[in-house]
$ cat coords.cif   # mmCIF, C-alpha atoms
data_start
#
loop_
_atom_site.label_atom_id
_atom_site.label_comp_id
_atom_site.auth_asym_id
_atom_site.auth_seq_id
_atom_site.Cartn_x
_atom_site.Cartn_y
_atom_site.Cartn_z
CA MET C 1 -40.59 -50.00 -28.62
CA ASP C 2 -37.61 -48.03 -29.93
CA VAL C 3 -34.59 -50.27 -30.23
CA ALA C 4 -31.19 -48.89 -31.24
CA LEU C 5 -29.27 -51.24 -33.51
CA ASP C 6 -25.60 -52.10 -33.30
CA SER C 7 -24.39 -49.66 -35.99
CA LEU C 8 -21.19 -51.67 -36.48
CA ARG C 9 -23.21 -54.65 -37.70
CA PHE C 10 -26.42 -53.21 -39.12
CA ILE C 11 -26.68 -50.31 -41.57
CA ASP C 12 -29.44 -47.70 -41.90
CA LEU C 13 -31.63 -48.51 -44.87
CA THR C 14 -32.39 -45.82 -47.44
CA THR C 15 -34.91 -45.99 -50.32
CA ALA C 16 -32.03 -46.24 -52.83
CA ASN C 17 -30.55 -49.20 -50.90
CA VAL C 18 -33.91 -50.99 -50.87
CA ILE C 19 -34.43 -50.49 -54.63
CA PHE C 20 -30.86 -51.68 -55.37
CA LEU C 21 -31.38 -54.86 -53.28
CA LEU C 22 -34.78 -55.55 -54.88
CA ILE C 23 -33.37 -55.26 -58.42
CA VAL C 24 -30.22 -57.32 -57.75
CA GLY C 25 -32.38 -59.86 -55.88
CA PHE C 26 -34.74 -60.21 -58.85
CA ILE C 27 -31.96 -60.59 -61.44
CA GLY C 28 -30.00 -62.93 -59.14
CA GLY C 29 -33.11 -65.06 -58.63
CA LEU C 30 -33.75 -65.19 -62.38
CA VAL C 31 -30.22 -66.47 -63.07
CA SER C 32 -30.37 -68.96 -60.16
CA GLY C 33 -33.72 -70.35 -61.28
CA PHE C 34 -32.27 -70.88 -64.75
CA ILE C 35 -28.75 -72.22 -64.15
CA GLY C 36 -29.16 -73.51 -60.58
CA SER C 37 -26.81 -71.01 -58.97
CA GLY C 38 -24.72 -67.98 -59.69
CA GLY C 39 -27.16 -65.25 -58.78
CA ALA C 40 -25.80 -64.66 -55.30
CA PHE C 41 -22.23 -63.73 -56.20
CA VAL C 42 -23.06 -60.07 -56.82
CA LEU C 43 -25.06 -59.72 -53.61
CA THR C 44 -22.22 -60.07 -51.11
CA PRO C 45 -19.98 -57.41 -52.75
CA GLY C 46 -23.15 -55.42 -53.52
CA MET C 47 -24.19 -55.31 -49.86
CA MET C 48 -20.63 -54.53 -48.81
CA SER C 49 -20.66 -51.56 -51.20
CA LEU C 50 -23.68 -50.26 -49.23
CA GLY C 51 -21.60 -50.39 -46.05
CA VAL C 52 -22.71 -53.78 -44.71
CA PRO C 53 -19.82 -55.55 -42.92
CA GLY C 54 -18.48 -58.62 -44.80
CA THR C 55 -19.70 -61.26 -42.34
CA VAL C 56 -23.21 -59.78 -42.12
CA ALA C 57 -23.34 -59.55 -45.94
CA VAL C 58 -22.32 -63.23 -46.30
CA ALA C 59 -24.76 -64.35 -43.58
CA SER C 60 -27.72 -62.33 -44.92
CA ASN C 61 -26.98 -63.48 -48.47
CA MET C 62 -26.90 -67.12 -47.37
CA CYS C 63 -30.12 -66.69 -45.40
CA HIS C 64 -31.91 -65.54 -48.58
CA LYS C 65 -30.24 -68.20 -50.73
CA PHE C 66 -31.70 -71.33 -49.15
CA PRO C 67 -35.43 -70.40 -49.26
CA LYS C 68 -34.89 -69.14 -52.83
CA ALA C 69 -33.27 -72.47 -53.76
CA LEU C 70 -36.17 -74.30 -52.06
CA VAL C 71 -38.80 -72.41 -54.09
CA GLY C 72 -36.81 -72.92 -57.32
CA ALA C 73 -36.32 -76.63 -56.59
CA ILE C 74 -40.05 -77.16 -55.91
CA LYS C 75 -40.96 -75.34 -59.12
CA ARG C 76 -38.52 -77.34 -61.23
CA PHE C 77 -39.49 -80.59 -59.46
CA ARG C 78 -43.01 -80.00 -60.83
CA TYR C 79 -41.50 -79.88 -64.31
CA GLY C 80 -39.83 -83.26 -63.69
CA GLN C 81 -36.30 -81.80 -63.77
CA VAL C 82 -35.08 -82.38 -60.18
CA ASP C 83 -33.24 -85.52 -59.07
CA VAL C 84 -33.58 -85.23 -55.30
CA LYS C 85 -31.30 -88.22 -54.67
CA LEU C 86 -28.56 -86.65 -56.80
CA GLY C 87 -28.83 -83.39 -54.84
CA VAL C 88 -28.76 -85.11 -51.45
CA VAL C 89 -25.86 -87.46 -52.33
CA THR C 90 -23.67 -84.61 -53.65
CA ALA C 91 -24.67 -82.43 -50.68
CA ALA C 92 -23.22 -85.04 -48.28
CA SER C 93 -19.70 -84.72 -49.74
CA ALA C 94 -20.20 -80.98 -50.27
CA GLY C 95 -20.62 -80.63 -46.48
CA ILE C 96 -17.11 -82.05 -46.01
CA GLY C 97 -15.82 -79.75 -48.76
CA VAL C 98 -17.24 -76.71 -46.97
CA GLN C 99 -15.47 -77.65 -43.73
CA VAL C 100 -12.13 -78.19 -45.52
CA GLY C 101 -12.62 -74.92 -47.46
CA ILE C 102 -13.20 -73.00 -44.22
CA LYS C 103 -10.08 -74.62 -42.64
CA ILE C 104 -7.93 -73.59 -45.63
CA GLN C 105 -9.36 -70.05 -45.50
CA ASN C 106 -8.53 -69.80 -41.79
CA MET C 107 -4.99 -71.10 -42.35
CA ILE C 108 -4.38 -68.53 -45.10
CA LEU C 109 -5.90 -65.78 -42.95
CA ALA C 110 -3.59 -66.70 -40.05
CA ALA C 111 -0.50 -66.84 -42.29
CA TRP C 112 -0.99 -63.86 -44.65
CA GLY C 113 -3.80 -61.79 -43.10
CA GLN C 114 -6.89 -60.34 -44.79
CA ALA C 115 -5.06 -59.29 -47.98
CA GLY C 116 -3.66 -62.83 -48.39
CA SER C 117 -7.13 -64.29 -47.86
CA ASN C 118 -8.68 -61.90 -50.41
CA LEU C 119 -5.93 -62.72 -52.92
CA TYR C 120 -6.60 -66.46 -52.43
CA VAL C 121 -10.33 -65.92 -53.02
CA SER C 122 -9.71 -63.86 -56.17
CA LEU C 123 -7.12 -66.34 -57.47
CA SER C 124 -9.57 -69.21 -56.91
CA PHE C 125 -12.27 -67.22 -58.71
CA VAL C 126 -10.05 -66.52 -61.73
CA THR C 127 -8.55 -70.04 -61.99
CA VAL C 128 -11.82 -71.95 -61.60
CA LEU C 129 -13.95 -69.60 -63.66
CA ILE C 130 -11.54 -69.39 -66.60
CA THR C 131 -10.89 -73.16 -66.82
CA VAL C 132 -14.40 -74.47 -66.04
CA GLY C 133 -16.28 -71.49 -67.52
CA GLY C 134 -14.11 -71.57 -70.65
CA TYR C 135 -14.85 -75.27 -71.19
CA VAL C 136 -18.61 -74.84 -70.51
CA PHE C 137 -18.74 -71.96 -73.00
CA TYR C 138 -16.75 -73.89 -75.64
CA ASP C 139 -19.02 -76.91 -75.19
CA ALA C 140 -22.13 -74.72 -75.42
CA MET C 141 -20.94 -73.16 -78.68
CA LYS C 142 -20.16 -76.64 -80.07
CA SER C 143 -23.62 -77.93 -79.06
CA ARG C 144 -25.36 -74.86 -80.52
CA LYS C 145 -23.90 -75.65 -83.94
CA GLY C 146 -25.26 -79.19 -83.64
CA THR C 147 -28.73 -80.25 -82.57
CA GLY C 148 -28.67 -78.24 -79.35
CA GLN C 149 -29.23 -81.43 -77.37
CA ASP C 150 -26.81 -82.67 -74.73
CA LYS C 151 -24.61 -85.67 -75.55
CA THR C 152 -23.08 -87.61 -72.64
CA PRO C 153 -19.44 -86.42 -72.34
CA ALA C 154 -16.69 -89.00 -72.99
CA LEU C 155 -15.27 -88.80 -69.43
CA ALA C 156 -18.71 -89.43 -67.91
CA LEU C 157 -19.28 -92.42 -70.22
CA LYS C 158 -15.95 -93.94 -69.15
CA LEU C 159 -16.71 -93.41 -65.45
CA GLN C 160 -20.22 -94.86 -65.77
CA LYS C 161 -18.72 -98.08 -67.17
CA ILE C 162 -16.54 -98.62 -64.08
CA ASN C 163 -18.48 -100.92 -61.73
CA LEU C 164 -16.99 -99.82 -58.43
CA TRP C 165 -19.14 -100.67 -55.39
CA PRO C 166 -21.46 -99.04 -54.32
CA MET C 167 -23.18 -98.17 -57.61
CA VAL C 168 -25.97 -95.59 -57.39
CA TYR C 169 -28.81 -95.08 -59.86
CA PHE C 170 -30.23 -91.57 -60.23
CA LYS C 171 -33.67 -92.08 -61.73
CA THR C 172 -34.57 -88.60 -63.05
CA ALA C 173 -31.03 -88.05 -64.37
CA ASN C 174 -31.07 -91.63 -65.72
CA VAL C 175 -27.46 -92.10 -64.66
CA ARG C 176 -25.89 -95.13 -62.97
CA ILE C 177 -22.47 -94.36 -61.51
CA SER C 178 -20.25 -95.36 -58.60
CA LEU C 179 -20.85 -93.32 -55.43
CA TRP C 180 -17.10 -92.67 -55.32
CA PHE C 181 -17.29 -90.53 -58.49
CA THR C 182 -19.95 -88.30 -56.94
CA VAL C 183 -17.63 -87.50 -54.01
CA PRO C 184 -15.10 -85.28 -55.87
CA VAL C 185 -17.95 -83.32 -57.49
CA GLY C 186 -19.68 -82.68 -54.15
CA PHE C 187 -16.41 -82.02 -52.34
CA ALA C 188 -15.23 -79.47 -54.94
CA THR C 189 -18.66 -77.80 -54.87
CA GLY C 190 -18.45 -77.42 -51.09
CA MET C 191 -14.85 -76.16 -51.25
CA LEU C 192 -15.80 -73.53 -53.84
CA ALA C 193 -18.92 -72.56 -51.88
CA ALA C 194 -16.75 -71.94 -48.80
CA THR C 195 -14.22 -69.97 -50.87
CA ILE C 196 -16.20 -67.86 -53.35
CA ALA C 197 -19.77 -68.53 -52.09
CA VAL C 198 -20.97 -69.95 -55.44
CA GLY C 199 -20.50 -73.72 -55.35
CA GLY C 200 -22.73 -74.21 -58.39
CA PHE C 201 -19.99 -72.97 -60.71
CA ILE C 202 -18.32 -76.35 -60.04
CA GLY C 203 -21.39 -78.38 -59.02
CA VAL C 204 -23.36 -78.04 -62.27
CA PRO C 205 -20.41 -78.58 -64.68
CA GLY C 206 -19.22 -81.44 -62.41
CA MET C 207 -22.58 -83.19 -62.66
CA ILE C 208 -22.62 -82.66 -66.44
CA TYR C 209 -19.04 -83.56 -67.41
CA VAL C 210 -18.01 -86.02 -64.66
CA MET C 211 -21.28 -87.79 -63.88
CA GLY C 212 -23.00 -87.46 -67.28
CA VAL C 213 -26.17 -85.73 -66.04
CA GLY C 214 -28.03 -83.54 -68.59
CA GLY C 215 -27.75 -79.75 -68.19
CA LEU C 216 -31.43 -79.37 -67.30
CA VAL C 217 -31.42 -81.97 -64.50
CA ALA C 218 -27.97 -80.86 -63.25
CA SER C 219 -29.00 -77.21 -62.88
CA ALA C 220 -32.29 -78.21 -61.22
CA SER C 221 -30.68 -80.69 -58.80
CA GLU C 222 -28.05 -78.09 -57.89
CA LEU C 223 -30.92 -76.16 -56.27
CA VAL C 224 -31.42 -79.07 -53.81
CA LEU C 225 -27.72 -78.94 -52.99
CA ALA C 226 -27.84 -75.14 -52.61
CA PHE C 227 -30.85 -75.45 -50.27
CA LEU C 228 -29.15 -78.00 -48.00
CA MET C 229 -25.80 -76.18 -47.88
CA GLY C 230 -27.52 -72.81 -47.45
CA LEU C 231 -29.69 -74.05 -44.59
CA CYS C 232 -26.69 -75.48 -42.70
CA GLY C 233 -24.68 -72.30 -43.35
CA THR C 234 -27.54 -70.08 -42.22
CA VAL C 235 -27.96 -71.99 -38.94
CA ASN C 236 -24.24 -71.46 -38.35
CA TRP C 237 -24.35 -67.71 -39.08
CA ALA C 238 -27.66 -67.12 -37.27
CA MET C 239 -26.25 -68.77 -34.12
CA GLN C 240 -23.61 -66.03 -34.18
CA GLY C 241 -26.30 -63.37 -34.69
CA MET C 242 -24.92 -62.21 -38.05
CA VAL C 243 -28.13 -62.29 -40.14
CA ASP C 244 -29.65 -58.88 -40.94
CA ILE C 245 -33.22 -60.07 -41.52
CA ARG C 246 -34.24 -56.78 -43.16
CA LEU C 247 -31.71 -57.22 -45.97
CA THR C 248 -32.65 -60.88 -46.35
CA LEU C 249 -36.38 -60.13 -46.65
CA ILE C 250 -35.87 -57.31 -49.16
CA ILE C 251 -33.66 -59.48 -51.38
CA LEU C 252 -36.16 -62.36 -51.08
CA ALA C 253 -39.00 -60.11 -52.25
CA GLY C 254 -37.21 -59.71 -55.60
CA SER C 255 -35.50 -63.08 -55.88
CA LEU C 256 -38.62 -65.22 -55.33
CA LEU C 257 -40.17 -63.49 -58.36
CA GLY C 258 -36.98 -64.02 -60.38
CA VAL C 259 -36.34 -67.64 -59.44
CA GLN C 260 -39.81 -68.71 -60.62
CA LEU C 261 -39.41 -66.86 -63.91
CA GLY C 262 -36.01 -68.50 -64.43
CA ALA C 263 -37.49 -71.94 -63.71
CA ILE C 264 -40.29 -71.33 -66.25
CA GLY C 265 -37.60 -70.23 -68.73
CA THR C 266 -35.88 -73.64 -68.59
CA THR C 267 -38.99 -75.26 -70.09
CA LEU C 268 -39.17 -72.78 -72.97
CA VAL C 269 -35.60 -72.64 -74.29
CA ARG C 270 -33.19 -75.21 -75.70
CA GLU C 271 -31.17 -77.12 -73.06
CA VAL C 272 -27.90 -75.72 -74.43
CA MET C 273 -28.92 -72.21 -73.29
CA ILE C 274 -28.17 -73.22 -69.69
CA LYS C 275 -24.53 -73.80 -70.68
CA VAL C 276 -24.42 -70.58 -72.73
CA VAL C 277 -25.62 -68.47 -69.77
CA MET C 278 -23.41 -70.25 -67.26
CA GLY C 279 -20.26 -70.07 -69.43
CA SER C 280 -20.81 -66.38 -70.27
CA ILE C 281 -21.35 -65.35 -66.65
CA MET C 282 -18.35 -67.36 -65.41
CA LEU C 283 -15.96 -65.84 -67.97
CA ILE C 284 -17.07 -62.24 -67.31
CA VAL C 285 -16.87 -62.70 -63.54
CA ALA C 286 -13.33 -64.06 -63.99
CA VAL C 287 -12.33 -60.78 -65.68
CA SER C 288 -13.94 -58.83 -62.84
CA ARG C 289 -12.02 -60.75 -60.18
CA ALA C 290 -8.75 -60.50 -62.13
CA LEU C 291 -9.08 -56.70 -61.92
CA ALA C 292 -9.37 -56.96 -58.12
CA MET C 293 -6.11 -58.88 -57.76
CA PRO C 294 -3.53 -56.03 -58.11
CA LYS C 295 -4.97 -54.36 -54.97
CA TYR C 296 -4.31 -57.45 -52.85
CA LEU C 297 -0.88 -57.97 -54.45
CA ALA C 298 -0.03 -54.36 -53.51
CA GLN C 299 -1.28 -54.88 -49.94
CA LEU C 300 1.05 -57.89 -49.65
CA GLY C 301 3.96 -55.79 -50.99
CA LEU C 302 4.25 -57.88 -54.16
CA MET C 303 3.30 -55.08 -56.57
CA ASN C 304 3.42 -51.28 -56.79
CA ILE C 305 0.23 -49.54 -57.80
CA SER C 306 -1.26 -46.11 -57.01
CA LYS C 307 -4.33 -45.68 -54.78
CA ASP C 308 -6.22 -43.95 -57.60
CA ALA C 309 -5.62 -46.86 -59.95
CA VAL C 310 -6.81 -49.28 -57.25
CA SER C 311 -10.05 -47.38 -56.67
CA ILE C 312 -10.73 -47.20 -60.45
CA MET C 313 -10.04 -50.94 -60.80
CA ASP C 314 -12.35 -51.67 -57.84
CA ALA C 315 -15.20 -49.70 -59.40
CA VAL C 316 -14.64 -51.31 -62.82
CA SER C 317 -14.45 -54.77 -61.22
CA PHE C 318 -17.80 -54.30 -59.43
CA GLY C 319 -19.35 -52.83 -62.59
CA ILE C 320 -18.23 -55.83 -64.66
CA MET C 321 -19.66 -58.20 -62.04
CA CYS C 322 -23.05 -56.46 -62.23
CA ALA C 323 -22.77 -56.53 -66.04
CA ALA C 324 -22.21 -60.32 -65.93
CA LEU C 325 -25.42 -60.78 -63.97
CA ALA C 326 -27.32 -58.37 -66.21
CA LEU C 327 -26.03 -60.11 -69.36
CA GLY C 328 -27.19 -63.47 -67.96
CA ALA C 329 -30.65 -61.99 -67.35
CA VAL C 330 -30.77 -60.47 -70.85
CA ILE C 331 -29.80 -63.79 -72.49
CA ILE C 332 -32.45 -65.69 -70.44
CA LEU C 333 -35.24 -63.17 -71.06
CA GLY C 334 -34.27 -62.83 -74.74
CA ALA C 335 -34.32 -66.62 -75.22
CA MET C 336 -37.69 -66.83 -73.42
CA VAL C 337 -39.26 -64.11 -75.58
CA LYS C 338 -37.90 -65.78 -78.74
CA ALA C 339 -39.22 -69.18 -77.66
CA ARG C 340 -42.68 -67.78 -76.85
CA ARG C 341 -42.86 -65.99 -80.22
CA ALA C 342 -41.92 -69.23 -82.00
CA MET C 343 -44.62 -71.09 -80.04
CA ALA C 344 -47.22 -68.45 -80.89
CA ARG C 345 -46.23 -68.61 -84.60
CA GLN C 346 -46.52 -72.39 -84.55
CA ALA C 347 -49.95 -72.18 -82.90
CA ASP C 348 -51.09 -69.66 -85.53
CA GLN C 349 -49.88 -71.91 -88.35
CA THR C 350 -51.67 -74.92 -86.83
CA ALA C 351 -54.90 -72.93 -86.49
CA TYR C 352 -54.53 -71.69 -90.11
CA GLY C 353 -53.92 -75.24 -91.34
CA GLN C 354 -57.03 -76.51 -89.58
CA ALA C 355 -59.23 -73.69 -90.93
CA MET E 1 -47.24 -83.06 -62.35
CA ALA E 2 -49.20 -80.08 -61.01
CA HIS E 3 -52.47 -79.34 -62.78
CA GLU E 4 -52.65 -76.16 -64.87
CA LEU E 5 -54.49 -73.26 -63.26
CA THR E 6 -56.80 -71.06 -65.30
CA LYS E 7 -55.95 -67.34 -65.38
CA LYS E 8 -58.97 -66.57 -63.18
CA GLN E 9 -57.91 -69.13 -60.55
CA ALA E 10 -54.38 -67.75 -60.68
CA VAL E 11 -55.61 -64.18 -60.12
CA ILE E 12 -57.69 -65.26 -57.09
CA ARG E 13 -54.75 -67.18 -55.61
CA MET E 14 -52.38 -64.29 -56.40
CA ILE E 15 -54.60 -61.88 -54.45
CA GLY E 16 -54.84 -64.32 -51.50
CA PHE E 17 -51.09 -65.00 -51.35
CA GLY E 18 -50.40 -61.31 -52.02
CA ILE E 19 -52.42 -60.23 -48.98
CA ALA E 20 -50.70 -62.89 -46.83
CA SER E 21 -47.29 -61.81 -48.14
CA ALA E 22 -48.02 -58.14 -47.48
CA ALA E 23 -49.16 -59.04 -43.94
CA VAL E 24 -45.92 -60.94 -43.23
CA TYR E 25 -43.77 -58.09 -44.58
CA ALA E 26 -45.83 -55.51 -42.64
CA GLY E 27 -45.33 -57.55 -39.45
CA ALA E 28 -41.58 -57.85 -40.01
CA PHE E 29 -41.12 -54.16 -40.88
CA TYR E 30 -43.57 -52.78 -38.28
CA ASP E 31 -40.65 -52.27 -35.92
CA PRO E 32 -37.65 -53.38 -38.01
CA ASN E 33 -34.99 -52.53 -35.45
CA ALA E 34 -36.65 -54.62 -32.73
CA PHE E 35 -37.10 -57.51 -35.18
CA VAL E 36 -33.46 -57.37 -36.35
CA GLU E 37 -32.34 -57.28 -32.73
CA LEU E 38 -34.45 -60.37 -31.90
CA CYS E 39 -33.21 -62.26 -34.96
CA SER E 40 -29.56 -61.51 -34.16
CA ARG E 41 -29.57 -62.69 -30.55
CA GLY E 42 -28.25 -66.11 -31.59
CA GLY E 43 -28.77 -69.24 -29.51
CA GLY E 44 -32.43 -70.29 -29.34
CA TYR E 45 -33.42 -67.21 -31.36
CA THR E 46 -31.68 -68.79 -34.40
CA ALA E 47 -35.02 -70.39 -35.30
CA LEU E 48 -36.67 -66.96 -35.73
CA PRO E 49 -34.90 -65.77 -38.94
CA ILE E 50 -35.08 -69.28 -40.40
CA ALA E 51 -38.82 -69.65 -39.67
CA THR E 52 -39.41 -66.14 -41.05
CA VAL E 53 -37.70 -66.79 -44.40
CA LEU E 54 -39.46 -70.15 -44.75
CA LEU E 55 -42.82 -68.45 -44.14
CA VAL E 56 -41.93 -65.72 -46.67
CA SER E 57 -40.83 -68.34 -49.21
CA PHE E 58 -44.27 -69.98 -48.87
CA VAL E 59 -46.50 -66.90 -49.04
CA HIS E 60 -44.40 -64.67 -51.31
CA GLY E 61 -43.37 -67.69 -53.42
CA GLY E 62 -47.06 -68.55 -53.87
CA PHE E 63 -47.79 -64.95 -54.82
CA ALA E 64 -44.92 -64.89 -57.37
CA SER E 65 -45.91 -68.20 -58.93
CA ASN E 66 -49.53 -67.12 -59.42
CA LEU E 67 -48.47 -63.68 -60.64
CA TRP E 68 -46.56 -65.19 -63.60
CA THR E 69 -49.47 -67.54 -64.36
CA ALA E 70 -51.92 -64.63 -64.23
CA LEU E 71 -49.69 -62.72 -66.65
CA GLY E 72 -49.77 -65.70 -69.02
CA ILE E 73 -46.11 -66.63 -68.48
CA THR E 74 -46.34 -70.37 -67.98
CA ALA E 75 -44.10 -73.37 -68.53
CA LYS E 76 -44.22 -75.41 -71.71
CA VAL E 77 -45.45 -78.97 -71.10
CA PRO E 78 -42.36 -81.18 -71.40
CA ALA E 79 -42.25 -82.99 -74.75
CA LYS E 80 -41.63 -86.32 -73.00
CA THR E 81 -44.91 -86.08 -71.08
CA ALA E 82 -46.86 -85.13 -74.19
CA GLN E 83 -45.29 -87.99 -76.12
CA ALA E 84 -45.95 -90.45 -73.31
CA VAL E 85 -49.64 -89.51 -73.33
CA LYS E 86 -49.78 -89.83 -77.13
CA THR E 87 -48.09 -93.25 -77.30
CA GLN E 88 -50.26 -94.83 -74.61
CA THR E 89 -52.03 -97.79 -76.19
CA LYS E 90 -55.32 -99.35 -75.23
CA ARG E 91 -55.20 -102.57 -73.29
CA PRO E 92 -56.07 -105.44 -75.64
CA GLU E 93 -59.59 -106.69 -75.20
CA ALA E 94 -60.00 -110.18 -73.74
CA ARG E 95 -60.72 -112.68 -76.48
CA ALA E 96 -61.83 -116.23 -76.14
CA THR E 97 -59.33 -118.68 -77.63
CA LEU E 98 -59.57 -122.36 -78.20
CA ASN E 99 -56.60 -124.50 -77.24
CA ALA E 100 -57.30 -127.56 -79.24
#

$ encode --input "coords.cif" --output "structure tokens"
Amino acid sequence: MDVALDSLRFIDLTTANVIFLLIVGFIGGLVSGFIGSGGAFVLTPGMMSLGVPGTVAVASNMCHKFPKALVGAIKRFRYGQVDVKLGVVTAASAGIGVQVGIKIQNMILAAWGQAGSNLYVSLSFVTVLITVGGYVFYDAMKSRKGTGQDKTPALALKLQKINLWPMVYFKTANVRISLWFTVPVGFATGMLAATIAVGGFIGVPGMIYVMGVGGLVASASELVLAFLMGLCGTVNWAMQGMVDIRLTLIILAGSLLGVQLGAIGTTLVREVMIKVVMGSIMLIVAVSRALAMPKYLAQLGLMNISKDAVSIMDAVSFGIMCAALALGAVIILGAMVKARRAMARQADQTAYGQA
Amino acid sequence: MAHELTKKQAVIRMIGFGIASAAVYAGAFYDPNAFVELCSRGGGYTALPIATVLLVSFVHGGFASNLWTALGITAKVPAKTAQAVKTQTKRPEARATLNA
């Protein structure tokens, strides 16, 4: 059977495209398995750079994201790091956040067109990533100088002391907190997921700093949230026939290898490394998105800039985004290699001591 | 907690899952255009891409997991678990007492 595809929706695949998607899928999976999210943000612009239309890129990315999150969550559940209840409870409010986020996006699109919408997305990226990412990075550097173990943040301790009905106990996280304080975390995660497609950049820090969950459990439980949100999103996109299953399967081939390696990595390195990787990626991505903003400002007539400068800034912006993902992978793999060497040295010393 | 596989067991499982994964990918890419067209019809066909990725996550995920184990890249047993095993105490033996 020779079926001609709708060329407006589905691109022709070349060997170079397949290799690119496999590599980005693997690195994205590695980062997601380690910090709970964040690997998918390069894939949508990456696919679009191959000529995939925006909606198909988003839909195909989401369709690969939920099975990847499922595999990562199962793996980390086996290590005793996942709090399923925490993931499900935050996912409930995240669902509302996604709907509100989509409504806001549509309103902006209707009022200011595509350029206005893109500017809003980039502005959200820069604002959230600089404030949250900056704090995560600062906290990680502070913890690294200390014992490297997580201390419950002051805000979370205060909130945990407020007995506001209904109180919920999250067993694996060992946190008892009012359900009402989980709502803003889930809602903001959903809003961000609908805006920049990476809700975990708010979800994981929210669980850590607002609810008082440790970095390891927060990043693992985020995978449950990503699975539930991704599944709902995929059903939505697949109903509209926007999923390019070829792209999804190629990315999955790489990302399922990466996500398992990332999950193994969390058991080898110090807990603070999760914050180091997350903070570093968020800050670099913020720079990348800031470079994309002048183009949209020019399209809205708010700034004058030449076409050549715009195309250079676009290329640099995409390059920095890829560099952020690559840096995350290098930090994770480097920390894993270091941890394994230290374990091997310790084993040698023990064997020598016994001999 | 899942039990640890030996390298030999992991290699056998990796080959099994690898063959299954290759079969699924071969099926999907046998006529990719027809498959993409089926998956993008929407409506009742929505289940097709979702079922496909879930199947791939099982077979290819199983392959990936066993691949890392076969290569010797395994997780470190959490300290808490090790400590819990170490601190387990024997139940006290029953002793006869006299309540005089």

$ closest_atom_pairs --input "coords.cif" --of "chain E" --to "chain C" --cutoff "7 Å" --atoms "all atoms listed in the file" --output "CSV"
residue,atom,partner,partner_atom,distance
E:Met1,CA,C:Arg78,CA,5.4
E:Ala2,CA,C:Arg78,CA,6.2
E:Asn33,CA,C:Val3,CA,5.7
E:Ala34,CA,C:Val3,CA,5.4
E:Val36,CA,C:Ile245,CA,5.8
E:Glu37,CA,C:Leu5,CA,6.8
E:Cys39,CA,C:Ile245,CA,6.9
E:Ser40,CA,C:Gly241,CA,3.8
E:Arg41,CA,C:Gly241,CA,5.3
E:Gly42,CA,C:Met239,CA,4.2
E:Gly43,CA,C:Met239,CA,5.3
E:Thr46,CA,C:Ala238,CA,5.2
E:Pro49,CA,C:Ile245,CA,6.5
E:Val53,CA,C:Pro67,CA,6.5
E:Leu54,CA,C:Pro67,CA,6.1
E:Ser57,CA,C:Pro67,CA,5.8
E:Gly61,CA,C:Leu256,CA,5.7
E:Ala64,CA,C:Leu257,CA,5.1
E:Ser65,CA,C:Gln260,CA,6.4
E:Thr74,CA,C:Ile264,CA,6.4
E:Ala75,CA,C:Ile264,CA,4.9
E:Lys76,CA,C:Thr267,CA,5.5
E:Pro78,CA,C:Thr267,CA,6.9

$ atom_distance --input "coords.cif" --atom1 "atom CA of Ala193 of chain C" --atom2 "atom CA of Phe41 of chain C"
10.4 Å

$ atom_distance --input "coords.cif" --atom1 "atom CA of Ile320 of chain C" --atom2 "atom CA of Ile281 of chain C"
10.2 Å

$ closest_residue --input "coords.cif" --among "C:Val175, C:Ile74, C:Ala326, C:Val168" --to "Val210 of chain C" --atoms "all atoms listed in the file"
C:Val175

$ atom_distance --input "coords.cif" --atom1 "atom CA of Val310 of chain C" --atom2 "atom CA of Lys295 of chain C"
5.9 Å
